[in-house]
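S.K.: Quick one: the structure is below, questions incoming.
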Amino acid sequence: METLMKAAAISQWGGADVFELTRLPVPALEADDILIKVAYAGVNPADWKMRAGHLKSQLPDINPLVLGLDASGVVVATGAEATEFSPGDRVVSGSNLFSAGKPGAYAQYLVVNKNKAARVPDSISLESAATLPIAGITAWQSLFAEGKGTLQPDGQMKVLINGASGGVGSIAVQLAKWAKAEVATTCSSTNLAYVETLGADELIDYKNQDINEAVKRWAPQGLDLILDTVSAGSLKDPFALLKPGGKLVSIATLTHDGDVQADIAEAQARGVNKILAFVDDSRMGEELGQLLELMAAGKLKPPATQVFELEQVKQAHQKLETGHVRGKLLLRLSGEQI
């Protein structure tokens with residue numbers, strides 16, 4: 001077993017150019033951990049915000065710091081209490097960067113708590129699996145969790161996914177359709193054809209159409225649920241689009257959430273609900289298992305992916321920071337031939 005691993009790390013907050021390729025000790029296992037040789041690491045919107053220092057008070061005091069919230073790969077070792085997994089298992093997982101202060105996924109090896117991982121069926125590639133943890137769990141919880149979207153599987157509800165072409169949006173459209181909802185989407189003209197392949201019923205080009213006018217034509221009685229993956233004021237008066245008791249679930253962006261308490265109070269005054277959604281990773285392994293079952297059954301397609309080599313981490317973050325990513329960005333460590 002190697003004692004050092006290749007990693008992309010930062011030693012200061014700043015732009016994409018603060019990344020350095022380095023070699024660091026392979027993290028030590030605790031009793032309920034598994035050690036994963038990483039095939040692909042996810043590159044998520046929260047990553048550039050961490051890199052820029054927006055979340056430094058919540059990050060471990062490690063220098064250098066390895067970012068990365070999720071990955072796919074193969075188990076190479078297990079702790080004494082992680083008997084659910086064995087070396088050789090293909091898995092997908094979140095990281096322990098926030099919860100336990102362990103190095104993130106931008107490295108050859110990743111140590112995670114066993115409860116954050118799920119086995120990947122043989123029919124699913126590790127590249128496809130790597131799109132699921134953060135984006136998939138965010139979409140799943142935002143739509144279905146109590147206290148969030150609470151979308152009913154057979155409720156014939158009308159749902160708007162704002163920002164449907166990104167990683168979360170790509171999965172959310174499909175999950176809402178799986179739950180038999182009617183789904184309207186917003187995206188740019190360059191992504192309309194892609195979003196249509198996900199099953200959207202109504203396609204709104206936010207650059208060339210008035211979103212509110214288009215939604216009101218499509219859902220004159222109002223929407224049951226809006227899932228806003230963009231925030232940053234991208235929707236004009238979203239409360240006016242909801243039917244009484246309807247919900248606006250906004251995914252926490254950490255930098256563009258506005259005055260949340262004021263928005264919640266205004267929503268209540270207008271007879272609707274505003275919910276700011278954060279990911280709860282306490283059941284991540286279980287929820288990943290459900291998403292993998294849907295993918296294996298052909299009911300959930302992986303989002304479009306753009307794969308960068310670890311050495312291209314700066315370019316991946318520059319692309320990420322534009323806010324115009326179709327599907328999911330990944331870093332390739334060992335790839336499929338792990």
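Residue names in the structure tokens use chain letters A, B, ... in the order shown, residue numbers from 1 in each chain, and ligand numbers from 1 in the order shown.
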Restrict the calculation to only C-alpha atoms, then for each residue of segment 112-133 of chain A with any atom at most 9 Å from an atom of segment 56-72 of chain A give the closest atom pair and their distance in Å to one decimal, rows by chain and rising residue number, as CSV.
M.R.:
residue,atom,partner,partner_atom,distance
A:Val120,CA,A:Ser72,CA,8.6
A:Leu126,CA,A:Ser72,CA,5.8
A:Glu127,CA,A:Ser72,CA,7.3
A:Ser128,CA,A:Ser72,CA,8.9
A:Ala129,CA,A:Ser72,CA,6.4
A:Ala130,CA,A:Ser72,CA,4.9
A:Thr131,CA,A:Ala71,CA,8.3
A:Leu132,CA,A:Asp70,CA,8.5
A:Pro133,CA,A:Asp70,CA,6.0
S.K.: Based on the backbone DSSP call, show me all residues of segment 16-260 of chain A assigned strand (DSSP E), as a ChimeraX atom specification.
M.R.: /A:20-25,33-43,65-66,70-78,90-94,109-113,117-119,158-162,182-187,202-205,223-228,242-251
S.K.: Store the residues of this selection in a file with C-alpha atoms, as a PDB file, in the first residue's frame.
M.R.:
ATOM      1  CA  GLU A  20      -0.757  23.071  -6.380  1.00  0.00           C
ATOM      2  CA  LEU A  21      -0.130  19.456  -7.341  1.00  0.00           C
ATOM      3  CA  THR A  22       1.619  17.780  -4.466  1.00  0.00           C
ATOM      4  CA  ARG A  23       2.165  14.476  -2.666  1.00  0.00           C
ATOM      5  CA  LEU A  24       0.619  14.005   0.764  1.00  0.00           C
ATOM      6  CA  PRO A  25       0.313  11.136   3.239  1.00  0.00           C
ATOM      7  CA  ASP A  33     -13.978   4.263   7.789  1.00  0.00           C
ATOM      8  CA  ILE A  34     -13.225   2.888   4.352  1.00  0.00           C
ATOM      9  CA  LEU A  35     -10.284   3.875   2.162  1.00  0.00           C
ATOM     10  CA  ILE A  36     -11.177   4.459  -1.481  1.00  0.00           C
ATOM     11  CA  LYS A  37      -8.812   4.625  -4.426  1.00  0.00           C
ATOM     12  CA  VAL A  38     -10.446   7.464  -6.335  1.00  0.00           C
ATOM     13  CA  ALA A  39     -11.558   6.977  -9.927  1.00  0.00           C
ATOM     14  CA  TYR A  40     -13.333  10.318 -10.400  1.00  0.00           C
ATOM     15  CA  ALA A  41     -13.783  13.264  -8.037  1.00  0.00           C
ATOM     16  CA  GLY A  42     -16.768  15.559  -8.362  1.00  0.00           C
ATOM     17  CA  VAL A  43     -16.251  19.290  -8.883  1.00  0.00           C
ATOM     18  CA  LEU A  65      -6.027  21.631   2.227  1.00  0.00           C
ATOM     19  CA  VAL A  66      -7.451  19.061  -0.209  1.00  0.00           C
ATOM     20  CA  ASP A  70     -17.635  13.484  -3.517  1.00  0.00           C
ATOM     21  CA  ALA A  71     -16.016  10.728  -5.553  1.00  0.00           C
ATOM     22  CA  SER A  72     -16.311   7.271  -7.047  1.00  0.00           C
ATOM     23  CA  GLY A  73     -13.683   4.550  -6.827  1.00  0.00           C
ATOM     24  CA  VAL A  74     -12.722   1.173  -5.397  1.00  0.00           C
ATOM     25  CA  VAL A  75     -12.339   0.205  -1.740  1.00  0.00           C
ATOM     26  CA  VAL A  76      -8.746  -0.736  -0.917  1.00  0.00           C
ATOM     27  CA  ALA A  77      -8.968  -1.046   2.888  1.00  0.00           C
ATOM     28  CA  THR A  78     -11.589  -1.019   5.631  1.00  0.00           C
ATOM     29  CA  ARG A  90     -16.824  -0.350  -6.466  1.00  0.00           C
ATOM     30  CA  VAL A  91     -18.332   2.540  -4.510  1.00  0.00           C
ATOM     31  CA  VAL A  92     -19.498   6.119  -4.682  1.00  0.00           C
ATOM     32  CA  SER A  93     -19.321   8.419  -1.676  1.00  0.00           C
ATOM     33  CA  GLY A  94     -19.331  11.826  -0.138  1.00  0.00           C
ATOM     34  CA  TYR A 109      -7.117   8.187  -2.032  1.00  0.00           C
ATOM     35  CA  LEU A 110     -10.113   9.213   0.052  1.00  0.00           C
ATOM     36  CA  VAL A 111     -11.025   8.137   3.597  1.00  0.00           C
ATOM     37  CA  VAL A 112     -14.749   8.323   4.365  1.00  0.00           C
ATOM     38  CA  ASN A 113     -17.165   7.097   6.991  1.00  0.00           C
ATOM     39  CA  ALA A 117     -20.760   5.288   0.711  1.00  0.00           C
ATOM     40  CA  ALA A 118     -22.828   2.958  -1.470  1.00  0.00           C
ATOM     41  CA  ARG A 119     -21.844   0.092  -3.768  1.00  0.00           C
ATOM     42  CA  LYS A 158     -46.726  21.133 -11.361  1.00  0.00           C
ATOM     43  CA  VAL A 159     -43.072  21.865 -10.732  1.00  0.00           C
ATOM     44  CA  LEU A 160     -40.606  24.440 -12.059  1.00  0.00           C
ATOM     45  CA  ILE A 161     -36.882  23.599 -12.041  1.00  0.00           C
ATOM     46  CA  ASN A 162     -34.953  26.858 -12.352  1.00  0.00           C
ATOM     47  CA  GLU A 182     -45.441  17.907 -14.785  1.00  0.00           C
ATOM     48  CA  VAL A 183     -42.144  19.749 -15.096  1.00  0.00           C
ATOM     49  CA  ALA A 184     -41.274  23.144 -16.530  1.00  0.00           C
ATOM     50  CA  THR A 185     -37.636  24.156 -16.787  1.00  0.00           C
ATOM     51  CA  THR A 186     -35.473  27.192 -17.346  1.00  0.00           C
ATOM     52  CA  CYS A 187     -32.130  27.112 -19.124  1.00  0.00           C
ATOM     53  CA  GLU A 202     -42.089  22.846 -20.781  1.00  0.00           C
ATOM     54  CA  LEU A 203     -38.830  24.479 -21.890  1.00  0.00           C
ATOM     55  CA  ILE A 204     -38.256  28.141 -21.050  1.00  0.00           C
ATOM     56  CA  ASP A 205     -35.262  29.971 -22.528  1.00  0.00           C
ATOM     57  CA  LEU A 223     -47.201  25.966  -9.353  1.00  0.00           C
ATOM     58  CA  ASP A 224     -47.057  23.478  -6.506  1.00  0.00           C
ATOM     59  CA  LEU A 225     -43.279  23.682  -6.222  1.00  0.00           C
ATOM     60  CA  ILE A 226     -40.350  25.700  -7.516  1.00  0.00           C
ATOM     61  CA  LEU A 227     -36.885  24.241  -7.126  1.00  0.00           C
ATOM     62  CA  ASP A 228     -34.427  27.093  -7.600  1.00  0.00           C
ATOM     63  CA  LEU A 242     -47.036  29.598  -6.691  1.00  0.00           C
ATOM     64  CA  LYS A 243     -50.556  28.476  -5.863  1.00  0.00           C
ATOM     65  CA  PRO A 244     -51.680  29.035  -2.237  1.00  0.00           C
ATOM     66  CA  GLY A 245     -49.591  26.794  -0.002  1.00  0.00           C
ATOM     67  CA  GLY A 246     -47.010  26.245  -2.737  1.00  0.00           C
ATOM     68  CA  LYS A 247     -43.302  26.011  -1.994  1.00  0.00           C
ATOM     69  CA  LEU A 248     -40.168  27.732  -3.225  1.00  0.00           C
ATOM     70  CA  VAL A 249     -37.183  25.547  -2.329  1.00  0.00           C
ATOM     71  CA  SER A 250     -33.940  27.437  -2.939  1.00  0.00           C
ATOM     72  CA  ILE A 251     -30.687  25.503  -2.786  1.00  0.00           C
TER      73      ILE A 251
END
S.K.: Please give the complete set of residues from segment 31-63 of chain A that DSSP, run on the backbone, assigns to alpha helix (DSSP H), formatted as a VMD selection string.
M.R.: chain A and resid 45 to 51
S.K.: Find the distance between atom CA of Gly169 of chain A and atom CA of Ile211 of chain A and write it in Å to one decimal.
M.R.: 16.5 Å
S.K.: Quick one: residues within 12 Å of Asp263 of chain A, only C-alpha atoms counted, chain neighbours fewer than 3 positions away excluded, as a ChimeraX atom specification?
M.R.: /A:233,237-239,248-250,257-260,266-270,272-276
S.K.: Please build the interface table for segment 114-184 of chain A against segment 321-324 of chain A with a cut-off of 10 Å, listing for each qualifying residue the nearest atom pair and the distance in Å to one decimal; count only C-alpha atoms, order rows by chain and increasing number, and write it as a Markdown table.
M.R.:
| residue | atom | partner | partner_atom | distance |
| --- | --- | --- | --- | --- |
| A:Gly163 | CA | A:His324 | CA | 9.6 |
| A:Ser165 | CA | A:His324 | CA | 8.7 |
| A:Gly166 | CA | A:His324 | CA | 7.7 |
S.K.: Which residue out of A:Gln209, A:Thr3, A:Ser234, A:Gln306 has the minimum interatomic distance to Gln108 of chain A when only C-alpha atoms are used?
M.R.: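 Result for the nearest residue to Gln108 of chain A: A:Thr3.
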S.K.: So how far away is atom CA of Thr138 of chain A from atom CA of Thr197 of chain A, in Å?
M.R.: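 Computing it gives 20.9 Å between the two atoms.
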S.K.: Between A:Glu293, A:Glu286, A:Glu311, A:Asp281, single out the one closest to Ser123 of chain A, counting only C-alpha atoms.
M.R.: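 Of A:Glu293, A:Glu286, A:Glu311, A:Asp281, the one nearest Ser123 of chain A is A:Glu293, counting only C-alpha atoms.
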S.K.: Excluding same-chain residues fewer than 6 positions from Gln156 of chain A, what lies within 9 Å of it counting only C-alpha atoms, as a short mmCIF file (atom, residue, chain, number, x, y, z; two decimals) with N, CA, C and O atoms, in the first residue's frame?
M.R.:
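Output saved as part06.cif:
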data_model
loop_
_atom_site.label_atom_id
_atom_site.label_comp_id
_atom_site.auth_asym_id
_atom_site.auth_seq_id
_atom_site.Cartn_x
_atom_site.Cartn_y
_atom_site.Cartn_z
N ALA A 179 -41.55 10.97 -10.33
CA ALA A 179 -42.63 11.13 -9.35
C ALA A 179 -43.94 11.56 -10.01
O ALA A 179 -44.88 11.95 -9.31
N LYS A 180 -43.97 11.52 -11.34
CA LYS A 180 -45.18 11.79 -12.12
C LYS A 180 -45.64 13.25 -12.04
O LYS A 180 -46.84 13.55 -12.20
N ALA A 181 -44.72 14.13 -11.79
CA ALA A 181 -45.04 15.56 -11.84
C ALA A 181 -44.95 16.07 -13.27
O ALA A 181 -44.27 15.48 -14.12
N GLU A 182 -45.66 17.16 -13.55
CA GLU A 182 -45.44 17.91 -14.78
C GLU A 182 -44.33 18.92 -14.50
O GLU A 182 -44.38 19.61 -13.48
#
S.K.: In Å, how far is it from atom CA of Val307 of chain A to atom CA of Ser99 of chain A?
M.R.: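 We find that atom CA of Val307 of chain A and atom CA of Ser99 of chain A lie 26.8 Å from each other.
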